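Visitor: So here's run35.csv (CSV, C-alpha atoms and all ligand atoms).
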```csv
chain,number,residue,atom,x,y,z
B,27,MET,CA,167.6,112.6,103.3
B,28,ARG,CA,169.4,109.3,103.9
B,29,ILE,CA,167.7,106.7,101.7
B,30,LEU,CA,168.2,102.9,101.8
B,31,ILE,CA,167.4,100.9,98.7
B,32,THR,CA,167.1,97.2,99.0
B,33,GLY,CA,167.9,95.3,95.8
B,34,ILE,CA,170.1,98.2,94.8
B,35,GLY,CA,171.9,96.1,92.2
B,36,GLY,CA,168.7,95.2,90.3
B,37,THR,CA,167.1,96.8,87.2
B,38,ILE,CA,165.1,99.4,89.2
B,39,GLY,CA,167.6,99.8,92.0
B,40,THR,CA,170.3,100.9,89.5
B,41,VAL,CA,168.0,103.5,88.1
B,42,LEU,CA,166.9,104.9,91.4
B,43,ALA,CA,170.3,104.9,93.0
B,44,LYS,CA,171.7,107.0,90.1
B,45,ASP,CA,168.8,109.5,90.2
B,46,LEU,CA,168.4,109.9,94.0
B,47,SER,CA,172.1,110.2,94.7
B,48,ARG,CA,172.1,113.5,92.9
B,49,ASP,CA,170.7,115.1,96.0
B,50,HIS,CA,170.3,112.5,98.7
B,51,ASP,CA,172.6,110.2,100.7
B,52,VAL,CA,171.8,106.8,99.1
B,53,LYS,CA,172.8,103.5,100.7
B,54,GLY,CA,171.9,100.1,99.5
B,55,ILE,CA,171.6,96.4,100.4
B,56,ASP,CA,171.9,93.5,97.9
B,57,ILE,CA,172.5,89.8,98.3
B,58,ARG,CA,175.3,90.1,95.7
B,59,PRO,CA,178.1,92.6,95.5
B,60,VAL,CA,177.2,95.9,93.8
B,61,ASP,CA,179.8,98.3,92.7
B,62,ARG,CA,178.7,101.6,94.2
B,63,PRO,CA,179.6,103.5,97.4
B,64,GLY,CA,177.2,102.8,100.3
B,65,ALA,CA,176.1,99.4,99.0
B,66,VAL,CA,176.5,96.5,101.4
B,67,VAL,CA,176.1,92.8,100.9
B,68,ALA,CA,173.4,91.3,103.1
B,69,ASP,CA,170.6,88.7,102.7
B,70,LEU,CA,167.3,90.3,103.9
B,71,THR,CA,166.1,86.9,105.1
B,72,ASP,CA,168.8,87.2,107.8
B,73,ALA,CA,167.1,89.6,110.3
B,74,ALA,CA,170.3,89.9,112.4
B,75,ALA,CA,172.2,91.3,109.4
B,76,LEU,CA,169.9,94.3,109.0
B,77,PRO,CA,170.1,96.8,111.9
B,78,ARG,CA,173.5,98.3,110.9
B,79,ALA,CA,172.3,99.0,107.4
B,80,PHE,CA,169.1,100.7,108.7
B,81,ASP,CA,170.9,103.0,111.2
B,82,GLY,CA,170.2,106.7,110.5
B,83,VAL,CA,168.0,106.0,107.5
B,84,ASP,CA,165.0,108.4,106.8
B,85,ALA,CA,163.3,106.4,104.0
B,86,VAL,CA,163.6,102.8,102.7
B,87,ILE,CA,162.7,101.8,99.1
B,88,HIS,CA,162.2,98.0,99.3
B,89,LEU,CA,162.8,96.5,95.9
B,90,ALA,CA,164.6,93.3,96.7
B,91,ALA,CA,162.5,90.3,95.8
B,92,GLU,CA,162.0,87.3,93.6
B,93,ARG,CA,160.4,89.1,90.7
B,94,ARG,CA,159.5,86.1,88.5
B,95,HIS,CA,155.8,85.6,88.5
B,96,GLY,CA,155.5,82.4,86.5
B,97,ARG,CA,153.4,79.5,87.7
B,98,GLU,CA,156.5,77.4,88.2
B,99,ILE,CA,157.7,79.7,91.0
B,100,GLY,CA,156.6,78.1,94.3
B,101,TRP,CA,156.5,79.0,98.0
B,102,ASP,CA,159.9,77.4,98.5
B,103,ILE,CA,161.3,80.4,96.6
B,104,LEU,CA,158.6,83.1,97.4
B,105,HIS,CA,158.3,82.5,101.1
B,106,PRO,CA,161.9,83.5,102.0
B,107,ARG,CA,162.5,86.1,99.3
B,108,ASN,CA,159.2,87.9,99.3
B,109,VAL,CA,157.5,87.1,102.6
B,110,VAL,CA,160.2,86.7,105.3
B,111,ALA,CA,162.6,89.2,103.7
B,112,THR,CA,159.8,91.9,103.5
B,113,ALA,CA,158.7,91.3,107.1
B,114,ASN,CA,162.3,91.7,108.2
B,115,VAL,CA,162.6,95.0,106.3
B,116,TYR,CA,159.5,96.5,108.0
B,117,ASP,CA,160.7,95.3,111.5
B,118,ALA,CA,164.2,96.7,110.9
B,119,ALA,CA,162.7,100.0,109.6
B,120,LYS,CA,160.5,100.4,112.7
B,121,ALA,CA,163.3,99.5,115.1
B,122,ALA,CA,165.6,102.1,113.4
B,123,GLY,CA,163.1,104.9,113.5
B,124,VAL,CA,162.7,105.1,109.7
B,125,ARG,CA,160.0,107.6,108.7
B,126,ARG,CA,158.7,106.0,105.5
B,127,VAL,CA,158.9,102.7,103.6
B,128,VAL,CA,158.1,102.6,99.9
B,129,PHE,CA,157.2,99.0,98.8
B,130,ALA,CA,157.6,97.7,95.2
B,131,SER,CA,154.4,95.7,94.6
B,132,SER,CA,153.1,94.7,91.2
B,133,MET,CA,150.0,95.2,88.9
B,134,HIS,CA,149.8,91.4,89.2
B,135,VAL,CA,148.1,91.9,92.5
B,136,MET,CA,145.1,93.0,90.5
B,137,GLY,CA,145.8,90.8,87.4
B,138,GLY,CA,142.5,89.0,87.9
B,139,TYR,CA,140.6,92.1,86.7
B,140,GLU,CA,142.4,91.7,83.3
B,141,GLU,CA,140.1,88.7,82.7
B,142,ALA,CA,137.1,91.0,82.6
B,143,GLU,CA,136.0,93.4,79.8
B,144,PRO,CA,137.0,95.9,78.7
B,145,TYR,CA,140.4,95.2,80.3
B,146,ARG,CA,140.8,91.8,78.6
B,147,SER,CA,140.4,93.5,75.2
B,148,ILE,CA,142.7,96.4,76.1
B,149,ALA,CA,145.4,94.0,77.3
B,150,ALA,CA,145.1,92.0,74.1
B,151,GLY,CA,145.4,95.1,71.9
B,152,ARG,CA,141.8,94.8,70.6
B,153,TYR,CA,140.8,98.4,70.8
B,154,ALA,CA,137.7,98.5,68.4
B,155,GLY,CA,134.7,99.9,70.2
B,156,VAL,CA,136.7,100.9,73.3
B,157,ASN,CA,137.2,104.6,74.1
B,158,SER,CA,140.5,104.9,76.0
B,159,ALA,CA,139.4,108.1,77.7
B,160,LYS,CA,136.2,106.5,79.1
B,161,VAL,CA,137.5,103.3,80.6
B,162,ALA,CA,136.6,102.9,84.3
B,163,LEU,CA,140.0,102.3,85.8
B,164,VAL,CA,140.9,99.7,88.4
B,165,SER,CA,141.7,101.8,91.5
B,166,GLY,CA,144.0,101.2,94.4
B,167,ASP,CA,141.3,100.5,96.9
B,168,MET,CA,139.4,97.8,95.0
B,169,PRO,CA,139.8,94.3,96.4
B,170,PRO,CA,142.9,92.5,95.3
B,171,ARG,CA,142.6,89.8,92.6
B,172,PRO,CA,146.0,88.2,92.4
B,173,ASP,CA,146.9,86.3,89.3
B,174,GLY,CA,149.5,84.0,90.9
B,175,ARG,CA,151.5,83.1,93.9
B,176,TYR,CA,154.0,85.9,93.3
B,177,ALA,CA,151.1,88.4,93.4
B,178,VAL,CA,149.8,86.8,96.7
B,179,SER,CA,153.3,87.3,98.1
B,180,LYS,CA,153.2,90.9,97.2
B,181,ILE,CA,149.8,91.3,98.9
B,182,PHE,CA,151.6,90.3,102.1
B,183,GLY,CA,154.0,93.2,101.7
B,184,GLU,CA,151.2,95.6,100.9
B,185,GLN,CA,149.4,94.6,104.1
B,186,LEU,CA,152.6,95.0,106.1
B,187,ALA,CA,152.6,98.6,104.8
B,188,ARG,CA,149.0,99.1,105.9
B,189,TYR,CA,149.6,97.6,109.3
B,190,PHE,CA,152.8,99.6,110.0
B,191,ALA,CA,151.1,102.8,108.9
B,192,ASP,CA,148.0,102.2,111.0
B,193,TRP,CA,149.6,100.8,114.2
B,194,GLU,CA,153.3,101.5,114.2
B,195,GLY,CA,153.6,105.1,112.9
B,196,LEU,CA,155.5,104.2,109.7
B,197,GLU,CA,154.5,106.1,106.6
B,198,GLY,CA,153.8,103.7,103.7
B,199,VAL,CA,153.6,104.0,99.9
B,200,VAL,CA,152.8,100.9,97.9
B,201,VAL,CA,153.7,101.1,94.2
B,202,ARG,CA,152.0,98.5,92.0
B,203,LEU,CA,154.5,98.5,89.3
B,204,GLY,CA,153.9,97.8,85.6
B,205,THR,CA,156.8,96.8,83.3
B,206,ILE,CA,160.3,98.2,83.6
B,207,SER,CA,163.1,96.9,81.4
B,208,GLU,CA,166.7,97.7,80.7
B,209,ALA,CA,165.7,98.2,77.0
B,210,ASP,CA,163.5,101.1,78.3
B,211,ARG,CA,160.8,100.7,75.7
B,212,PRO,CA,157.5,98.7,75.5
B,213,GLY,CA,157.8,95.1,74.4
B,214,SER,CA,156.1,93.6,71.3
B,215,ASP,CA,153.1,92.3,73.4
B,216,PRO,CA,150.0,94.6,73.4
B,217,ARG,CA,149.8,94.5,77.2
B,218,SER,CA,153.1,96.4,77.6
B,219,PHE,CA,151.3,99.4,75.9
B,220,VAL,CA,149.3,99.4,79.2
B,221,SER,CA,152.0,98.6,81.7
B,222,TRP,CA,155.2,100.2,80.3
B,223,PHE,CA,157.0,102.4,82.8
B,224,SER,CA,159.9,104.4,81.4
B,225,THR,CA,163.1,104.6,83.5
B,226,ARG,CA,162.8,108.4,83.8
B,227,ASP,CA,159.2,108.1,84.9
B,228,VAL,CA,160.2,105.3,87.4
B,229,ALA,CA,162.9,107.6,88.8
B,230,GLY,CA,160.5,110.6,89.0
B,231,LEU,CA,157.7,108.6,90.7
B,232,PHE,CA,159.9,106.9,93.3
B,233,ARG,CA,161.5,110.3,94.0
B,234,ALA,CA,158.0,111.7,94.7
B,235,CYS,CA,157.3,108.6,96.9
B,236,VAL,CA,160.2,109.5,99.2
B,237,GLU,CA,160.0,113.3,99.1
B,238,ARG,CA,156.3,114.1,99.1
B,239,PRO,CA,155.3,115.2,102.6
B,240,GLY,CA,152.0,114.4,104.3
B,241,ILE,CA,151.5,110.8,103.3
B,242,LYS,CA,150.3,108.2,105.8
B,243,TYR,CA,149.5,105.3,103.5
B,244,GLU,CA,148.9,105.3,99.7
B,245,VAL,CA,148.6,102.6,97.0
B,246,VAL,CA,149.6,103.9,93.6
B,247,TYR,CA,150.1,102.3,90.2
B,248,GLY,CA,153.4,102.6,88.4
B,249,ALA,CA,153.2,103.1,84.7
B,250,SER,CA,154.0,105.9,82.3
B,251,ALA,CA,151.2,108.2,80.9
B,252,ASN,CA,150.2,105.5,78.4
B,253,THR,CA,147.0,106.2,76.4
B,254,TRP,CA,145.7,102.7,77.0
B,255,LYS,CA,145.1,102.3,80.8
B,256,ILE,CA,143.6,99.6,82.9
B,257,TYR,CA,144.8,100.9,86.3
B,258,ASP,CA,144.3,104.3,87.9
B,259,THR,CA,147.8,105.7,87.5
B,260,PRO,CA,146.5,109.3,87.5
B,261,TYR,CA,145.4,109.0,91.2
B,262,GLY,CA,149.0,108.4,92.2
B,263,TRP,CA,150.3,111.3,90.1
B,264,ARG,CA,147.8,113.6,91.9
B,265,VAL,CA,148.6,112.5,95.5
B,266,LEU,CA,152.4,112.5,94.8
B,267,GLY,CA,152.4,115.7,92.8
B,268,PHE,CA,154.2,113.9,90.0
B,269,THR,CA,153.9,114.4,86.2
B,270,PRO,CA,155.0,111.5,84.0
B,271,GLN,CA,156.8,112.3,80.7
B,272,ASP,CA,156.4,109.2,78.6
B,273,ASN,CA,153.7,107.3,76.7
B,274,ALA,CA,154.1,103.9,75.2
B,275,GLU,CA,152.3,105.0,72.1
B,276,ALA,CA,155.4,106.9,71.0
B,277,PHE,CA,156.8,103.4,70.2
B,278,ARG,CA,153.8,102.1,68.3
B,279,SER,CA,154.8,101.3,64.8
B,280,ALA,CA,153.0,103.6,62.3
B,281,GLY,CA,151.0,100.7,60.8
B,282,SER,CA,149.4,99.6,64.1
B,283,ARG,CA,148.8,103.1,65.6
B,284,GLN,CA,145.3,103.5,66.9
N,301,LIG,N1,161.0,95.1,86.6
N,301,LIG,C1,159.7,95.1,86.6
N,301,LIG,O1,159.1,95.2,85.5
N,301,LIG,C2,158.8,94.9,87.8
N,301,LIG,C3,157.4,94.9,87.7
N,301,LIG,C4,156.6,94.7,88.8
N,301,LIG,C5,157.2,94.7,90.1
N,301,LIG,N2,158.6,94.7,90.2
N,301,LIG,C6,159.1,94.6,91.5
N,301,LIG,O2,160.1,95.7,91.7
N,301,LIG,C7,161.2,95.2,92.5
N,301,LIG,C8,162.5,95.4,91.8
N,301,LIG,O3,162.4,94.8,90.5
N,301,LIG,P1,163.7,94.7,89.6
N,301,LIG,O4,163.2,94.5,88.2
N,301,LIG,O5,164.7,95.7,89.9
N,301,LIG,O6,164.3,93.2,90.1
N,301,LIG,P2,165.7,92.6,89.9
N,301,LIG,O7,165.5,91.1,90.0
N,301,LIG,O8,166.4,93.2,88.8
N,301,LIG,O9,166.5,93.1,91.2
N,301,LIG,C9,166.2,92.6,92.5
N,301,LIG,C10,167.5,92.8,93.3
N,301,LIG,O10,167.2,92.3,94.6
N,301,LIG,C11,168.3,91.5,95.1
N,301,LIG,N3,167.8,90.6,96.1
N,301,LIG,C12,167.0,89.5,95.9
N,301,LIG,N4,166.7,88.9,97.0
N,301,LIG,C13,167.5,89.5,98.0
N,301,LIG,C14,167.7,89.3,99.4
N,301,LIG,N5,167.1,88.2,100.0
N,301,LIG,N6,168.5,90.1,100.0
N,301,LIG,C15,169.1,91.1,99.4
N,301,LIG,N7,169.0,91.4,98.1
N,301,LIG,C16,168.2,90.6,97.4
N,301,LIG,C17,168.8,90.8,93.8
N,301,LIG,O11,170.2,90.4,94.0
N,301,LIG,C18,168.7,91.9,92.8
N,301,LIG,O12,169.8,92.8,92.6
N,301,LIG,C19,160.9,93.7,92.8
N,301,LIG,O13,160.3,93.7,94.1
N,301,LIG,C20,159.9,93.3,91.7
N,301,LIG,O14,159.0,92.3,92.2
N,301,LIG,C21,159.4,94.8,89.1
```
As structure tokens, please, write out the structure in this file.

Guide:
Amino acid sequence: MRILITGIGGTIGTVLAKDLSRDHDVKGIDIRPVDRPGAVVADLTDAAALPRAFDGVDAVIHLAAERRHGREIGWDILHPRNVVATANVYDAAKAAGVRRVVFASSMHVMGGYEEAEPYRSIAAGRYAGVNSAKVALVSGDMPPRPDGRYAVSKIFGEQLARYFADWEGLEGVVVRLGTISEADRPGSDPRSFVSWFSTRDVAGLFRACVERPGIKYEVVYGASANTWKIYDTPYGWRVLGFTPQDNAEAFRSAGSRQ
């Protein structure tokens, strides 16, 4: 397959390019120069710059975005980088006859649920009285509850995926990502024991997102097989035929192990 990765120079793009190029023809776009063959410099907000890069592509993995989700990030930044750029990617994919677009969304789209119990306690690391195996998980088809403007901008991308799947014949996978970092281990905050997504599991899940046949539109959550879950990651593993290998608990210090 010829796969185009937007934001190929970023944290996740670097991981995916390395893994997928083992057996696929991987190309990339980034706004800054990236030292790898097939990577071109282009700004996704410039629609006229895109057709050449999309020519002959089978699947697009759209990662490029403003990923900061703090309250200080306003529409002046989010509108071009996450709204206009994402709309341009779907239009260019459709025009080029791309079969599937995989869109990097975020668990923040559903972050409002983390204000309710038992999710609030789990995210805070207060596990007393909660059975991790019996938590009713937040599924992909529940109504979004964005926890900030960044999350609202991601809902726009998710709905582009829905629209293009229903009306324009473009297969779509939305991945509501947890937390990926170059350190490749959970952070010190308790929530990262819910959201941690190891780089090898990231690579495996996105590989399944592009390779799995028979998908029209799916919303999946992206995290490793962490014991403490809020989101229904197992649904995505089933529809994608993917088995994660890591669990954040392996990094829990012995004194705080549950
Ligand atoms: N890393 C995480 O923990 C995490 C969690 C949830 C969601 N996500 C989402 O996953 C995606 C990738 O995340 P990441 O951690 O690799 O981000 P990153 O910031 O490391 O990489 C993004 C890349 O996109 C490029 N880019 C930004 N705007 C562009 C534009 N207009 N045109 C072309 N290139 C542009 C940047 O130069 C950068 O190389 C993002 O959409 C982010 O919102 C990431």

Visitor: Give the residue list for ligand LIG 301 (chain N) at 8 Å, counting only C-alpha atoms and all ligand atoms, as JSON, numbers by chain, sorted by chain and then by residue number.

Guide: {"B": [32, 33, 34, 35, 36, 37, 38, 39, 40, 55, 56, 57, 58, 67, 68, 69, 70, 71, 88, 89, 90, 91, 92, 93, 94, 106, 107, 108, 111, 129, 130, 131, 132, 133, 134, 180, 202, 203, 204, 205, 206, 207, 223]}

Visitor: Atom CA of B:Ser179 to atom CA of B:Asp102: how many Å, to one decimal?

Guide: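 We find that atom CA of B:Ser179 and atom CA of B:Asp102 lie 11.9 Å from each other.
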
Visitor: Do you know which residues are at most 10 Å from stretch 49-51 of chain B counting only C-alpha atoms, after dropping those on the same chain fewer than 6 positions away, and could you put them as a PyMOL selection string?

Guide: chain B and resi 27-30+43+64+83-84

Visitor: Next, write the just-selected residues to a file, as a CSV table (one decimal), in the frame of the given file, keeping C-alpha atoms as the atom set.

Guide:
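Generated output (again35.csv):
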```
chain,number,residue,atom,x,y,z
B,27,MET,CA,167.6,112.6,103.3
B,28,ARG,CA,169.4,109.3,103.9
B,29,ILE,CA,167.7,106.7,101.7
B,30,LEU,CA,168.2,102.9,101.8
B,43,ALA,CA,170.3,104.9,93.0
B,64,GLY,CA,177.2,102.8,100.3
B,83,VAL,CA,168.0,106.0,107.5
B,84,ASP,CA,165.0,108.4,106.8
```

Visitor: Just the number, please: distance in Å from atom CA of B:Gly100 to atom CA of B:Leu42, one decimal.

Guide: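 A separation of 28.9 Å between them.
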
Visitor: So that each row is one residue of stretch 68-111 of chain B with an atom at most 7 Å from stretch 163-176 of chain B, can you give its shortest atom pair and the distance in Å to one decimal, using all atoms listed in the file, rows by chain and rising number, as JSON lines?

Guide:
```
{"residue": "B:His95", "atom": "CA", "partner": "B:Tyr176", "partner_atom": "CA", "distance": 5.1}
{"residue": "B:Arg97", "atom": "CA", "partner": "B:Gly174", "partner_atom": "CA", "distance": 6.8}
{"residue": "B:Leu104", "atom": "CA", "partner": "B:Tyr176", "partner_atom": "CA", "distance": 6.8}
```

Visitor: Have a look at atom CA of B:Gly183 and atom CA of B:Asp61 and let me know their distance in Å, one decimal.

Guide: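 Distance between the two atoms: 27.8 Å.
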
Visitor: Calculated over all atoms listed in the file, which of the candidates B:Val124, B:Leu46, B:Val201, B:Val236 has the smallest distance to B:Ala249?

Guide: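 Among the listed residues, B:Val201 lies closest to B:Ala249.
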
Visitor: Choose the residue, out of B:Ala119, B:Val200, B:Val60, B:Val127, that has the smallest atom-to-atom separation from B:Gly82; count all atoms listed in the file.

Guide: B:Ala119

Visitor: Mind running stretch 182-246 of chain B against stretch 141-145 of chain B at 12 Å and telling me each contacting residue's nearest atom pair with the distance in Å (one decimal), counting all atoms listed in the file, chain and number ascending, as a tab-separated table?

Guide:
```
residue	atom	partner	partner_atom	distance
B:Pro216	CA	B:Tyr145	CA	11.8
B:Arg217	CA	B:Tyr145	CA	9.9
B:Val220	CA	B:Tyr145	CA	9.9
```

Visitor: Would you list the contacts of B:Gly195 as a list in words, taking every protein, DNA or RNA residue within 10 Å and counting all atoms listed in the file, but skipping same-chain residues closer than 5 positions in sequence?

Guide: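 Everything that qualifies: Lys120, Gly123, Val124, Arg125, Arg126, Tyr189, Phe190 and Lys242 of chain B.
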
Visitor: For the residues in that selection, give me C-alpha atoms as a PDB file, in the coordinates of the input.

Guide:
```pdb
ATOM      1  CA  LYS B 120     160.500 100.400 112.700  1.00  0.00           C
ATOM      2  CA  GLY B 123     163.100 104.900 113.500  1.00  0.00           C
ATOM      3  CA  VAL B 124     162.700 105.100 109.700  1.00  0.00           C
ATOM      4  CA  ARG B 125     160.000 107.600 108.700  1.00  0.00           C
ATOM      5  CA  ARG B 126     158.700 106.000 105.500  1.00  0.00           C
ATOM      6  CA  TYR B 189     149.600  97.600 109.300  1.00  0.00           C
ATOM      7  CA  PHE B 190     152.800  99.600 110.000  1.00  0.00           C
ATOM      8  CA  LYS B 242     150.300 108.200 105.800  1.00  0.00           C
TER       9      LYS B 242
END
```

Visitor: Return the single residue from B:Asn114, B:Tyr257, B:Ala191, B:Trp263 that is closest to B:Arg238, with distances computed using all atoms listed in the file.

Guide: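 Nearest to B:Arg238: B:Trp263.
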
Visitor: Identify which of the residues B:Ala274, B:Gly138, B:Thr269, B:Asn157 lies closest to B:Asp210, counting all atoms listed in the file when measuring atom-to-atom distances.

Guide: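 Selected residue with least distance to B:Asp210: B:Ala274.
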
Visitor: Choose the residue, out of B:Ala162, B:Ala177, B:Val110, B:Leu266, that has the smallest atom-to-atom separation from B:Glu237; count only C-alpha atoms.

Guide: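 Using only C-alpha atoms, the shortest distance to B:Glu237 belongs to B:Leu266.
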
Visitor: So which one's closest to B:Val109, B:Val178, B:Ala79, B:Ala276, B:Ala234? Using all atoms listed in the file, please.

Guide: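 Ranked by minimum distance to B:Val109, first place goes to B:Val178.
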
Visitor: Write out as AutoDock Vina command-line options an axis-aligned box for stretch 265-273 of chain B: all of its atoms listed in the file, 4 Å added on each side, centre and edge lengths in Å with one decimal.

Guide:
```
--center_x 152.7 --center_y 111.5 --center_z 86.1 --size_x 16.2 --size_y 16.4 --size_z 26.8
```
